[in-house]
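Undergrad: Got a structure here, written out as structure tokens. Questions coming.
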Amino acid sequence: MEKATVVPCTGYNVVVGYEFWRQLPLDLIKYVPASKYIIITDLNVQQHYGDELLRALNEALPDGIEALLYAVAPGEASKSRETKRALEDWMLARGFDRKSCIVALGGGVVGDLAGFVAATFMRGINFVQVPTTLLAMVDSSIGGKTGIDTPAGKNLVGAFHRPKRVYADLAFLSTLPEREFNNGMAEVIKAGAIYDAALFQLLELQSEQIRALDPDLLTQMVLAAVRVKVTVVLQDEKEAGLRAILNFGHSIGHGIEALLTGHWLHGECVAVGMIKETEVARARGILSPDALNRLLSCCQAYHLPTTIPTGVSHNDVLHKMAVDKKNERGRKHIVFLRAIGDAGQGAEPVEDDLLLRIMAPAVEVVPHGPIAGTIRVPGSKSISNRVLLMAALGRGVCRLRGLLHSDDTKVMIAALRKLGVRIEFEDNGHVLLIQGCDGKLQAAGDNALFLANAGTASRFLTSACCLASSGHSLVTGVKRMHERPIGDLVEALRAVDCAIDYLDQEGYPPLRVHGTGLPGGTIQLAATVSSQYVSSILLAAPYAQAPVTLELVGEVVSQPYIDMTVALMKQFGVDVEAHSGSRYVIPNTGYQLPDTFDVESDASSASYPLAMAAISGGRVTVAAMGSGSLQGDAAFCRVLERMGCEVEQTSDATTVVGCVPGTLQPVDVDMGDITDTFMTAAVLMATCPKGSRSTITNIANQRVKECNRITAMLTELGKCGVHCEELETGLAIFGQGADSPASLKRGVPVECYRDHRIAMSFGVLGCLWPNVQITDKDCTDKTYPSFWDDVCNLQGHRNAVLHASIEEQTSAAAGSAGHAGARDRQSVCIIGMRGAGKSTLARAAAAHLGYQFLDLDVVLEERCEGGIKTFVEQQGWPAFRDAEERVLADTLRAHPTGAVIACGGGIVEREANCAVLQATKLPIIWLDRPLVDIERYLAADGVRPAYLEEVAEVYARRQPRFAACADWRFPVAEGATDLLCWKQHFGRLCALATGLSPRVPAWVYSKFVCLTQPDVRAVPAAQLAEIVANAQAVELRVDLLASLTEDYIATQVAAIRSATKSPIIFTVRTEPQGGRYAGSPAKYAALLRVGIRLGCEIVDVEADLPSDELRQLTRLVPASTTLLGSLHFLRPCGGAQELTAALHNCALGGRADLLKVIFTADTPGDALALVEAYRVLRGTLSRPAIVMAMGQAGKLTRVLNDQLTPVTHRLLTTAAAPGQLTAQQLDDMRAELGLFPKRNFFLFGEPIALSASPLMHNTVFADLKLPYTYQRCSTSNALDAITCLQGTNCGGGSVTMPLKERLGHVLVDVDVPGRVIGAVNTIVKDSQGQLHGFNTDYLGILAALRDAGAPSAPRAALVLGAGGTARAAVYALQQLGCHRIVVVNRTAERALALAEQFRVEHAADLMASTAYTYDIVVSTVAATANLTVPEVLLTASRPVVLDAAYIPYKTALILQAEAAGCRVAHGIDMLLHQGLAQAQLFCGGTTLSSELQKKVWARVHACYQAMLAMEPAERVMPNI
């Protein structure tokens, strides 16, 4: 084969080339003759190459020898015992023998599986590898390692079995999806990193061309990677030592992959593993940060992930690593990279605590006394970015040393390369060589300059991109980047005829910068927001078409940074004339590059180790940053001097000697010239003597940095018990002394807002105060990647930084996912008619999500003098619409995250407003209430100005505008009265729209009822509730409806929601699939989009939809919506291969969450054959599946199906399919056959001896004939609970104190209430073995208050206590729409923290709370406190009183309330309500009948009262 290169390996050859695969049959017959050939492939590869290769091979074979093909489902799940057994049985049945040959055509899964079959079939037969993926070409096809996966881990069962030949045809890569190509690049990068520095540099320099599949570069790259693998394997074939280096990144990578099978690819997991294992090497001092930075940049260049994904627990990864083959004597081993191209001689041992610290997202600094040492921090970010740009623009070659390797410089280097600048690493990454372009940058076009959140890079490059002579460049980044202003710079450049377009919001990135050249002349620039605008023009000006005179307008901020730019430009040959600090004259002479340039240490980064000395009473010296520094932040040491520290400074080093902890002096300091260090100063001021007051001023520009840093410091220092006040241009901090505040007695999670400086500042605070937890340690990578390593080194203890413990990590996850995390969540905007209920439902939705509620009508009331009604009467509707337009734009701009925004009904009357709503990236929800209900409501409304026309006319005009502006539509049923029900539905839709809602779990033996009525509204409400009661979901068969308009379908969805809270399955069954819909594929897809828009939780997509429509549809599906891929065959199944293909198609290209394949059974044999085929295949699936047969003969398949079996009901006149059973019939048959798995549920917590939960749940299980048990697990240790939960038969459990906040890390997701409340009281294991968390405490509180007659919209409520139950109470009251909630607690700080979390009020004590009258009082205080309240709280308004304590039945507060004539709710009733909600979850989401609930209620109350009648020492509650 003349087009190929042969690389010899041990006993076989690897053939690498381009476009030779059609010659392969002749070569195969020559070198690997056989009696029979079998091509083993997967369904994807079969379509592209498998069938053609089979034909070619059979044509080439002599008579009497044949080739057959066997295709498996794509994906890792096929690498299983079940698939291997089925394949071997198939081969045996077709006469394959010991002289046969296997041809493995496919990726790594096919190669590993086929190779293992070859190793064991007839005790070993020949096989060849024909890899079709890059990953397989460079890795799995070479070396003879074969194997399959087991539940314990990947590749744990297998054999060494060499292939006879390997054919790597690079032409196969042309049909490889981009993600799969990048997946393979991980192994290529690994090969260069461990053994071939030249290969690694090729990958760095040619990433664009390689990703474009340049044939020559691909061949060079693959040959180099293959030679690395072959060279290592030849030296150590059986993995006795050196070969372990090929597993670089795989120890951690396999741990991640075991948890993400079916979601992440092998190479993606290995990429993260390489980065994390390299971080371990850096922490050990084995590897330089420069080498890690190169590896990180290279992975990012090929779009590979580099961080462990959210939701994957580092503890779980560590657990999976325990079964790694490299481990010895129970100790984990990894490969330590020493330099690019050098991974040593094998794997070495590593400590678990170091692995955890590197992998964990959150860390805690442990104080170890005074800190001492000498350190060189990374290079200056400010200098690095400036010299990078100057070197790129200049003439000649410049070598930069000491450059900062960080997120900011990485994106700057990547952007400069895209602009045509040659940049290479030398000296193993310690030196960066730049070949200047002499101002001749090449426009990047649509290959966007993605700059993440690097504000410096985005602003510097905006001016630089103008220098290109033609074309355009796109400057963009992450969402936060798009919120950082750049308008003043853009307008200054536009004024001199530079062409720059805003691509989204005016004044903010992203930008399109046209290559027009920079004309020169006088440029006027407002410099009041950022000095980076000034530096941007200064740096580009030497290449303007004429000299530039830069005139600054307004008060200049951060003058030292401008001075730095001017000083650096001089070192690069450009003398800038500075006149009074506001006028600069820059010659257009270009830069003369020095041969080398040394970047000094970053002064902002140096503030942290210097502050560590100050806060701990230690002594720290920072090298390469002294009195000769160009950086303004070098003056930070003078702030420390004022606070009482000793400062010694030479020209190139700074030393600080700290005071005795707690004796730093309070100061008032203007930090306008050193703004980036104000956060470091703030944490020091927090430790000044108790009662002292320090102020930091002139830092107003810090409100528009990576986050609003002033607000962030106020919030996070407040969490730590430090009182702060916001000032006009800064903040005041009140000292707490050396001893940590009471709030730090247990871990406090500090939100970092993705801001590196916040994380490092609180890292400094942790050097004195224990229990400060940094929730996002990796954000320090932006400027100081080795920060946490340096903290350990300076403290002289490897455990000076630890991963957050179980309790802390869980609390942080729960808390930040709730109110704290709301800052990172998309806001949602509500539109709809006046009177639709926007304010009421939006307020409840905000409470549900933990968001802020903003009512634009309220804002307008405040802005319109005299209120809206008076304003309209005096100035007219047009003036009001003008004001409304301004308020809408201002609010959307100011609140992109963490808010539910309710707009006025007339917001769509203006085209400009409609354009704003349509352009925003926020989800827009149309609250659609029937006209008759709106008219009824408005007729009674005397507050707002009346319409000038009939309501019906306004309604008709606005409806199409609402529809055009909205992404989502929430229809309310006509005459709806259960306000709480609709609040809960609307909250869930908002959670779905914002991506906060977890997907519907895969419950075991679950059911969904199929509604077949043409109009659901025609079914009486009581009957509809009964029909849907005993099912986990409800299917709306849209194809059977009387009308297919969106308006009509919306009424059907509303009718279903009025009867159940269960998820809705939106199904449009087409005629070929056994339904009635006969429209075109495009119209079918449009109908499905209606279901998505209406917020149906599950959408059924038929897998035979044309690929273009399918891609377009699935691209629009929100992450929280569950996609069900389905196929229906009106005939029996043709066997395992047909079922495999059908299930693969139903995966919808990996987008489906649930698969559904339905055949028809004509005979019982058809049903049994389908059951057996699925039994063999189900172990290979990574998703739950519905597999059944229709018809009377197929009923058995319905009984045996354990995922969402469709059912009918006796009240339905028609079943959706022949053979469909009712839910009761299905349950009875499953119970009779003993199909329900035995499951054990537990109550976790302490003390729990007298809990009624076991009695309650066991009563439910017995009545439903479920083989479930519920028992107590009395413990306060989270590990005990985790052990139970991970048991084989465990179905979940109830969680009480003290564990409600400690188990979050083992959960795959938590429902929205649980995240907002910050506590989980219910855990359920689904059919895939995954654990889901819920909070039902708030439901118990709501139901108990409702039973006691509490108003549906209370004006004010008082909550006593500040623990988990108090948070649930506040959450429940917010669901009711309570306007004022006041929290009181014995410890005022805890009440304040709770009030701030939920945006409610707090009172210093009970007497202070009497300032208001209340409709509801809830106590969550222990009964032993014998709490009573001031009498006036009860007599003034006779509130409903709930005491959560349930022993005794009547607490002191309940007795007091009854005496005052108040209605009361008892703790036992709250417990029962929340427990029944739990029981519904334990039973797979089934709604419990009212009869069963009454039975449980009576049984528990009887036993409870009997228990109370006993002597306290003898009390006991039965389990059954």
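Quick note on naming: the chains in the structure tokens go A, B, ... in the order shown, residues restart at 1 in each chain, and ligands are numbered from 1 in order of appearance.
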If DSSP is run on the backbone, what residues of stretch 1332-1518 of chain A are strand (DSSP E or B)? A reply as a list in words would be ideal.
TA: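 Matching residues, listed in order: His1332, Gly1333, Phe1334, Ala1356, Ala1357, Leu1358, Val1359, Leu1360, Arg1380, Ile1381, Val1382, Val1383, Val1384, Glu1401, His1402, Ile1416, Val1417, Val1418, Ser1419, Val1440, Val1441, Leu1442, Asp1443, Val1464 and Ala1465 of chain A.
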Undergrad: What's around A:Arg1175 at 12 Å? Count only C-alpha atoms, leave out sequence neighbours fewer than 4 positions away in its own chain, and write the answer as a PyMOL selection string.
TA: chain A and resi 82-83+86+1135-1136+1139-1140+1168-1171+1179-1181+1185+1187+1197+1200-1201
Undergrad: Just C-alpha atoms for this one: save the residues we selected as a compact mmCIF listing (two decimals), in the first residue's frame.
TA:
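part-v4.txt was written with the following content:
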# COMPACT_ATOMS: atom_id res chain seq x y z
CA GLU A 82 -23.54 -9.03 28.08
CA THR A 83 -22.41 -7.78 24.67
CA ALA A 86 -24.13 -12.26 22.78
CA GLY A 1135 -34.16 -9.97 17.09
CA ALA A 1136 -31.43 -8.47 19.24
CA LEU A 1139 -33.64 -3.93 18.96
CA THR A 1140 -30.07 -2.65 19.32
CA LEU A 1168 -40.92 -13.66 25.26
CA ALA A 1169 -38.43 -13.14 22.43
CA LEU A 1170 -38.54 -9.38 22.98
CA VAL A 1171 -38.09 -9.81 26.73
CA GLY A 1179 -26.67 -3.91 30.50
CA THR A 1180 -25.16 -2.07 27.51
CA LEU A 1181 -27.50 0.93 27.83
CA ALA A 1185 -35.51 2.48 28.38
CA VAL A 1187 -39.24 -1.72 25.84
CA THR A 1197 -43.93 -7.14 28.40
CA LEU A 1200 -42.03 -6.69 33.10
CA ASN A 1201 -41.15 -3.20 31.79
Undergrad: When you look at A:Val14 with a cut-off of 6 Å (counting only C-alpha atoms), what residues show up, excluding the ones that are within fewer than 4 positions of it in the same chain? I need them as an MDAnalysis selection string.
TA: chainID A and resid 6:7 166
Undergrad: So which one's closest to A:Lys36, A:Cys914, A:Met1470, A:Ile65, A:Ile1341? Using only C-alpha atoms, please.
TA: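 Answer, going by the shortest atom-to-atom distance: A:Ile65.
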Undergrad: Can you pull out the residues contacting A:Gly628? Cut-off 9 Å, using only C-alpha atoms, and skip same-chain residues under 5 positions away; I want them as JSON, numbers by chain.
TA: {"A": [650, 651, 652]}
Undergrad: Can you work out the spacing between atom CA of A:Leu1307 and atom CA of A:Phe1242 in Å, to one decimal?
TA: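 It comes out at 16.1 Å.
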Undergrad: I'd like the neighbourhood of A:Arg395 as a list in words, where a residue qualifies if any of its atoms comes within 10 Å (using only C-alpha atoms), though same-chain residues fewer than 5 positions away should be ignored.
TA: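 Residues meeting the cut-off are Met390, Gln435, Gly436, Cys437, Asp438, Gly439, Gly590, Tyr591, Gln592, Leu593 and Pro594 of chain A.
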Undergrad: Might you pull out every residue within 8 Å of stretch 1083-1100 of chain A, with only C-alpha atoms counted and same-chain residues fewer than 5 positions away left off, and present them as a short mmCIF file (atom, residue, chain, number, x, y, z; two decimals) with all heavy atoms, in the first residue's frame?
TA:
data_model
loop_
_atom_site.label_atom_id
_atom_site.label_comp_id
_atom_site.auth_asym_id
_atom_site.auth_seq_id
_atom_site.Cartn_x
_atom_site.Cartn_y
_atom_site.Cartn_z
N ASP A 967 -40.69 33.21 25.23
CA ASP A 967 -40.07 31.90 24.97
C ASP A 967 -40.93 30.79 25.54
O ASP A 967 -40.91 29.66 25.06
CB ASP A 967 -38.70 31.83 25.64
CG ASP A 967 -37.81 32.99 25.26
OD1 ASP A 967 -37.50 33.12 24.07
OD2 ASP A 967 -37.44 33.78 26.15
N TRP A 968 -41.67 31.11 26.61
CA TRP A 968 -42.47 30.13 27.34
C TRP A 968 -43.88 30.68 27.53
O TRP A 968 -44.08 31.89 27.56
CB TRP A 968 -41.86 29.85 28.72
CG TRP A 968 -40.44 29.37 28.68
CD1 TRP A 968 -39.32 30.14 28.51
CD2 TRP A 968 -39.99 28.02 28.78
NE1 TRP A 968 -38.20 29.35 28.51
CE2 TRP A 968 -38.57 28.06 28.69
CE3 TRP A 968 -40.63 26.80 28.97
CZ2 TRP A 968 -37.80 26.90 28.76
CZ3 TRP A 968 -39.85 25.66 29.05
CH2 TRP A 968 -38.45 25.70 28.94
N ARG A 969 -44.82 29.77 27.68
CA ARG A 969 -46.21 30.19 27.89
C ARG A 969 -46.79 29.38 29.05
O ARG A 969 -46.68 28.15 29.05
CB ARG A 969 -47.02 29.94 26.62
CG ARG A 969 -48.50 30.34 26.71
CD ARG A 969 -49.17 30.12 25.37
NE ARG A 969 -50.57 30.55 25.36
CZ ARG A 969 -51.35 30.52 24.30
NH1 ARG A 969 -50.85 30.09 23.13
NH2 ARG A 969 -52.61 30.92 24.35
N PHE A 970 -47.36 30.08 30.00
CA PHE A 970 -47.95 29.41 31.16
C PHE A 970 -49.45 29.67 31.17
O PHE A 970 -49.91 30.73 31.60
CB PHE A 970 -47.33 29.92 32.46
CG PHE A 970 -47.85 29.22 33.69
CD1 PHE A 970 -47.42 27.95 34.01
CD2 PHE A 970 -48.79 29.84 34.51
CE1 PHE A 970 -47.90 27.29 35.13
CE2 PHE A 970 -49.28 29.19 35.64
CZ PHE A 970 -48.83 27.92 35.94
N PRO A 971 -50.24 28.71 30.67
CA PRO A 971 -51.70 28.90 30.67
C PRO A 971 -52.31 28.55 32.02
O PRO A 971 -51.93 27.55 32.65
CB PRO A 971 -52.16 27.92 29.58
CG PRO A 971 -51.14 26.83 29.62
CD PRO A 971 -49.84 27.45 30.02
N LEU A 989 -42.27 25.91 36.43
CA LEU A 989 -41.99 26.33 35.06
C LEU A 989 -40.81 27.31 35.02
O LEU A 989 -39.94 27.22 34.14
CB LEU A 989 -43.22 26.99 34.43
CG LEU A 989 -43.00 27.51 33.00
CD1 LEU A 989 -42.71 26.36 32.05
CD2 LEU A 989 -44.18 28.31 32.50
N LEU A 992 -37.74 25.37 35.29
CA LEU A 992 -37.46 24.71 34.02
C LEU A 992 -36.84 25.70 33.04
O LEU A 992 -35.85 25.40 32.36
CB LEU A 992 -38.76 24.14 33.45
CG LEU A 992 -38.65 23.17 32.27
CD1 LEU A 992 -38.10 21.83 32.74
CD2 LEU A 992 -40.02 22.96 31.63
N ALA A 993 -37.39 26.91 32.99
CA ALA A 993 -36.93 27.91 32.03
C ALA A 993 -35.51 28.39 32.34
O ALA A 993 -34.76 28.73 31.43
CB ALA A 993 -37.89 29.10 32.02
N ARG A 999 -33.96 17.06 36.01
CA ARG A 999 -34.79 16.27 35.12
C ARG A 999 -35.61 15.25 35.91
O ARG A 999 -35.30 14.93 37.05
CB ARG A 999 -33.92 15.53 34.10
CG ARG A 999 -33.31 16.45 33.04
CD ARG A 999 -32.88 15.63 31.84
NE ARG A 999 -32.20 16.47 30.87
CZ ARG A 999 -30.88 16.55 30.78
NH1 ARG A 999 -30.13 15.85 31.58
NH2 ARG A 999 -30.32 17.32 29.87
N VAL A 1000 -36.66 14.74 35.27
CA VAL A 1000 -37.52 13.76 35.92
C VAL A 1000 -36.69 12.50 36.20
O VAL A 1000 -36.08 11.94 35.29
CB VAL A 1000 -38.72 13.40 35.01
CG1 VAL A 1000 -39.58 12.34 35.67
CG2 VAL A 1000 -39.54 14.66 34.72
N GLU A 1046 -52.12 26.10 19.03
CA GLU A 1046 -51.41 26.29 20.30
C GLU A 1046 -52.36 26.73 21.40
O GLU A 1046 -52.25 26.29 22.56
CB GLU A 1046 -50.28 27.32 20.14
CG GLU A 1046 -49.50 27.54 21.43
CD GLU A 1046 -48.31 28.48 21.28
OE1 GLU A 1046 -47.68 28.48 20.22
OE2 GLU A 1046 -48.03 29.21 22.25
N ALA A 1050 -52.89 24.68 24.81
CA ALA A 1050 -52.60 25.34 26.09
C ALA A 1050 -53.72 25.10 27.10
O ALA A 1050 -53.47 24.90 28.29
CB ALA A 1050 -52.39 26.84 25.86
N VAL A 1053 -53.23 21.58 28.60
CA VAL A 1053 -52.14 21.53 29.58
C VAL A 1053 -52.61 22.14 30.90
O VAL A 1053 -52.35 21.61 31.99
CB VAL A 1053 -50.90 22.25 29.04
CG1 VAL A 1053 -49.85 22.43 30.15
CG2 VAL A 1053 -50.30 21.48 27.88
N PRO A 1063 -45.45 15.28 36.30
CA PRO A 1063 -44.93 15.75 35.01
C PRO A 1063 -45.86 15.39 33.86
O PRO A 1063 -46.54 14.37 33.89
CB PRO A 1063 -43.59 15.02 34.88
CG PRO A 1063 -43.24 14.58 36.26
CD PRO A 1063 -44.53 14.35 36.97
N ILE A 1064 -45.87 16.23 32.83
CA ILE A 1064 -46.67 15.99 31.63
C ILE A 1064 -45.75 15.49 30.52
O ILE A 1064 -44.71 16.08 30.24
CB ILE A 1064 -47.39 17.27 31.18
CG1 ILE A 1064 -48.40 17.72 32.26
CG2 ILE A 1064 -48.11 17.06 29.85
CD1 ILE A 1064 -49.07 19.05 31.94
N ILE A 1065 -46.17 14.37 29.89
CA ILE A 1065 -45.48 13.87 28.70
C ILE A 1065 -46.23 14.38 27.48
O ILE A 1065 -47.42 14.08 27.30
CB ILE A 1065 -45.43 12.33 28.68
CG1 ILE A 1065 -44.75 11.79 29.94
CG2 ILE A 1065 -44.70 11.83 27.43
CD1 ILE A 1065 -44.77 10.28 30.05
N PHE A 1066 -45.57 15.15 26.66
CA PHE A 1066 -46.18 15.76 25.48
C PHE A 1066 -45.90 14.87 24.28
O PHE A 1066 -44.75 14.72 23.86
CB PHE A 1066 -45.61 17.15 25.27
CG PHE A 1066 -46.33 17.98 24.24
CD1 PHE A 1066 -47.40 18.78 24.61
CD2 PHE A 1066 -45.92 17.99 22.91
CE1 PHE A 1066 -48.05 19.57 23.67
CE2 PHE A 1066 -46.57 18.76 21.96
CZ PHE A 1066 -47.65 19.55 22.35
N THR A 1067 -46.95 14.25 23.72
CA THR A 1067 -46.79 13.26 22.66
C THR A 1067 -47.65 13.60 21.45
O THR A 1067 -48.86 13.84 21.59
CB THR A 1067 -47.17 11.85 23.16
OG1 THR A 1067 -46.33 11.51 24.26
CG2 THR A 1067 -47.00 10.82 22.07
N VAL A 1068 -47.02 13.64 20.30
CA VAL A 1068 -47.73 13.75 19.02
C VAL A 1068 -47.39 12.48 18.24
O VAL A 1068 -46.31 12.37 17.67
CB VAL A 1068 -47.31 15.01 18.23
CG1 VAL A 1068 -48.14 15.12 16.96
CG2 VAL A 1068 -47.47 16.26 19.08
N GLU A 1109 -34.54 18.17 10.77
CA GLU A 1109 -35.56 18.59 11.73
C GLU A 1109 -35.18 18.15 13.14
O GLU A 1109 -35.39 18.89 14.12
CB GLU A 1109 -36.93 17.98 11.36
CG GLU A 1109 -37.50 18.47 10.04
CD GLU A 1109 -37.98 19.91 10.13
OE1 GLU A 1109 -38.07 20.45 11.24
OE2 GLU A 1109 -38.25 20.50 9.06
N LEU A 1110 -34.63 16.96 13.25
CA LEU A 1110 -34.25 16.43 14.55
C LEU A 1110 -33.16 17.28 15.19
O LEU A 1110 -33.24 17.64 16.38
CB LEU A 1110 -33.78 14.99 14.41
CG LEU A 1110 -33.56 14.19 15.70
CD1 LEU A 1110 -34.84 14.10 16.50
CD2 LEU A 1110 -33.04 12.80 15.38
N LEU A 1113 -34.60 20.64 16.23
CA LEU A 1113 -35.49 20.52 17.38
C LEU A 1113 -34.71 20.29 18.67
O LEU A 1113 -34.90 20.97 19.68
CB LEU A 1113 -36.47 19.37 17.16
CG LEU A 1113 -37.42 19.07 18.34
CD1 LEU A 1113 -38.39 20.22 18.54
CD2 LEU A 1113 -38.18 17.78 18.08
N VAL A 1117 -34.13 22.33 22.72
CA VAL A 1117 -34.69 21.77 23.95
C VAL A 1117 -33.89 22.25 25.16
O VAL A 1117 -32.67 22.08 25.20
CB VAL A 1117 -34.70 20.23 23.89
CG1 VAL A 1117 -35.21 19.65 25.20
CG2 VAL A 1117 -35.58 19.77 22.74
N SER A 1120 -33.27 21.32 31.16
CA SER A 1120 -34.09 20.71 32.20
C SER A 1120 -35.22 19.85 31.64
O SER A 1120 -35.85 19.09 32.38
CB SER A 1120 -34.69 21.80 33.10
OG SER A 1120 -33.67 22.51 33.74
N THR A 1121 -35.52 19.98 30.36
CA THR A 1121 -36.58 19.19 29.75
C THR A 1121 -36.07 17.78 29.45
O THR A 1121 -34.98 17.61 28.93
CB THR A 1121 -37.07 19.84 28.45
OG1 THR A 1121 -37.56 21.16 28.75
CG2 THR A 1121 -38.18 19.03 27.81
N THR A 1122 -36.87 16.78 29.79
CA THR A 1122 -36.49 15.39 29.53
C THR A 1122 -36.95 15.01 28.12
O THR A 1122 -38.13 15.15 27.79
CB THR A 1122 -37.14 14.45 30.56
OG1 THR A 1122 -36.63 14.77 31.86
CG2 THR A 1122 -36.85 13.00 30.24
N LEU A 1123 -36.01 14.54 27.31
CA LEU A 1123 -36.34 14.11 25.95
C LEU A 1123 -36.53 12.60 25.94
O LEU A 1123 -35.66 11.85 26.39
CB LEU A 1123 -35.23 14.48 24.99
CG LEU A 1123 -35.35 15.79 24.22
CD1 LEU A 1123 -34.29 15.86 23.13
CD2 LEU A 1123 -36.72 15.96 23.61
N LEU A 1124 -37.65 12.16 25.41
CA LEU A 1124 -37.95 10.74 25.27
C LEU A 1124 -37.90 10.41 23.78
O LEU A 1124 -38.72 10.89 23.00
CB LEU A 1124 -39.34 10.44 25.86
CG LEU A 1124 -39.78 8.98 25.98
CD1 LEU A 1124 -40.91 8.87 27.00
CD2 LEU A 1124 -40.27 8.40 24.67
N GLY A 1125 -36.91 9.64 23.37
CA GLY A 1125 -36.81 9.21 21.97
C GLY A 1125 -37.59 7.93 21.77
O GLY A 1125 -37.40 6.96 22.51
N SER A 1126 -38.48 7.89 20.78
CA SER A 1126 -39.38 6.73 20.64
C SER A 1126 -39.44 6.20 19.22
O SER A 1126 -39.25 6.94 18.25
CB SER A 1126 -40.78 7.11 21.11
OG SER A 1126 -41.40 8.02 20.21
#
Undergrad: Could you jot down the atom CA of A:Gly1165 to atom CA of A:Gly1194 separation for me, Å, one decimal place?
TA: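 Atom CA of A:Gly1165 sits 9.3 Å away from atom CA of A:Gly1194.
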Undergrad: Using only C-alpha atoms, pick whichever of A:Ile1282, A:Leu1264, A:Val1464, A:Val1199 has the shortest atom-to-atom distance to A:Cys1483.
TA: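 Nearest to A:Cys1483: A:Leu1264.
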Undergrad: With only C-alpha atoms as the basis for distance, which of A:Ala1344, A:Ile774, A:Val1382, A:Ala1436 is at the shortest distance from A:Gln1474?
TA: A:Ala1344
Undergrad: So which one's closest to A:Asp1039, A:Pro1298, A:Pro1254, A:Gly1074, A:Pro1020? Using only C-alpha atoms, please.
TA: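 Closest to A:Asp1039 of all the choices is A:Gly1074.
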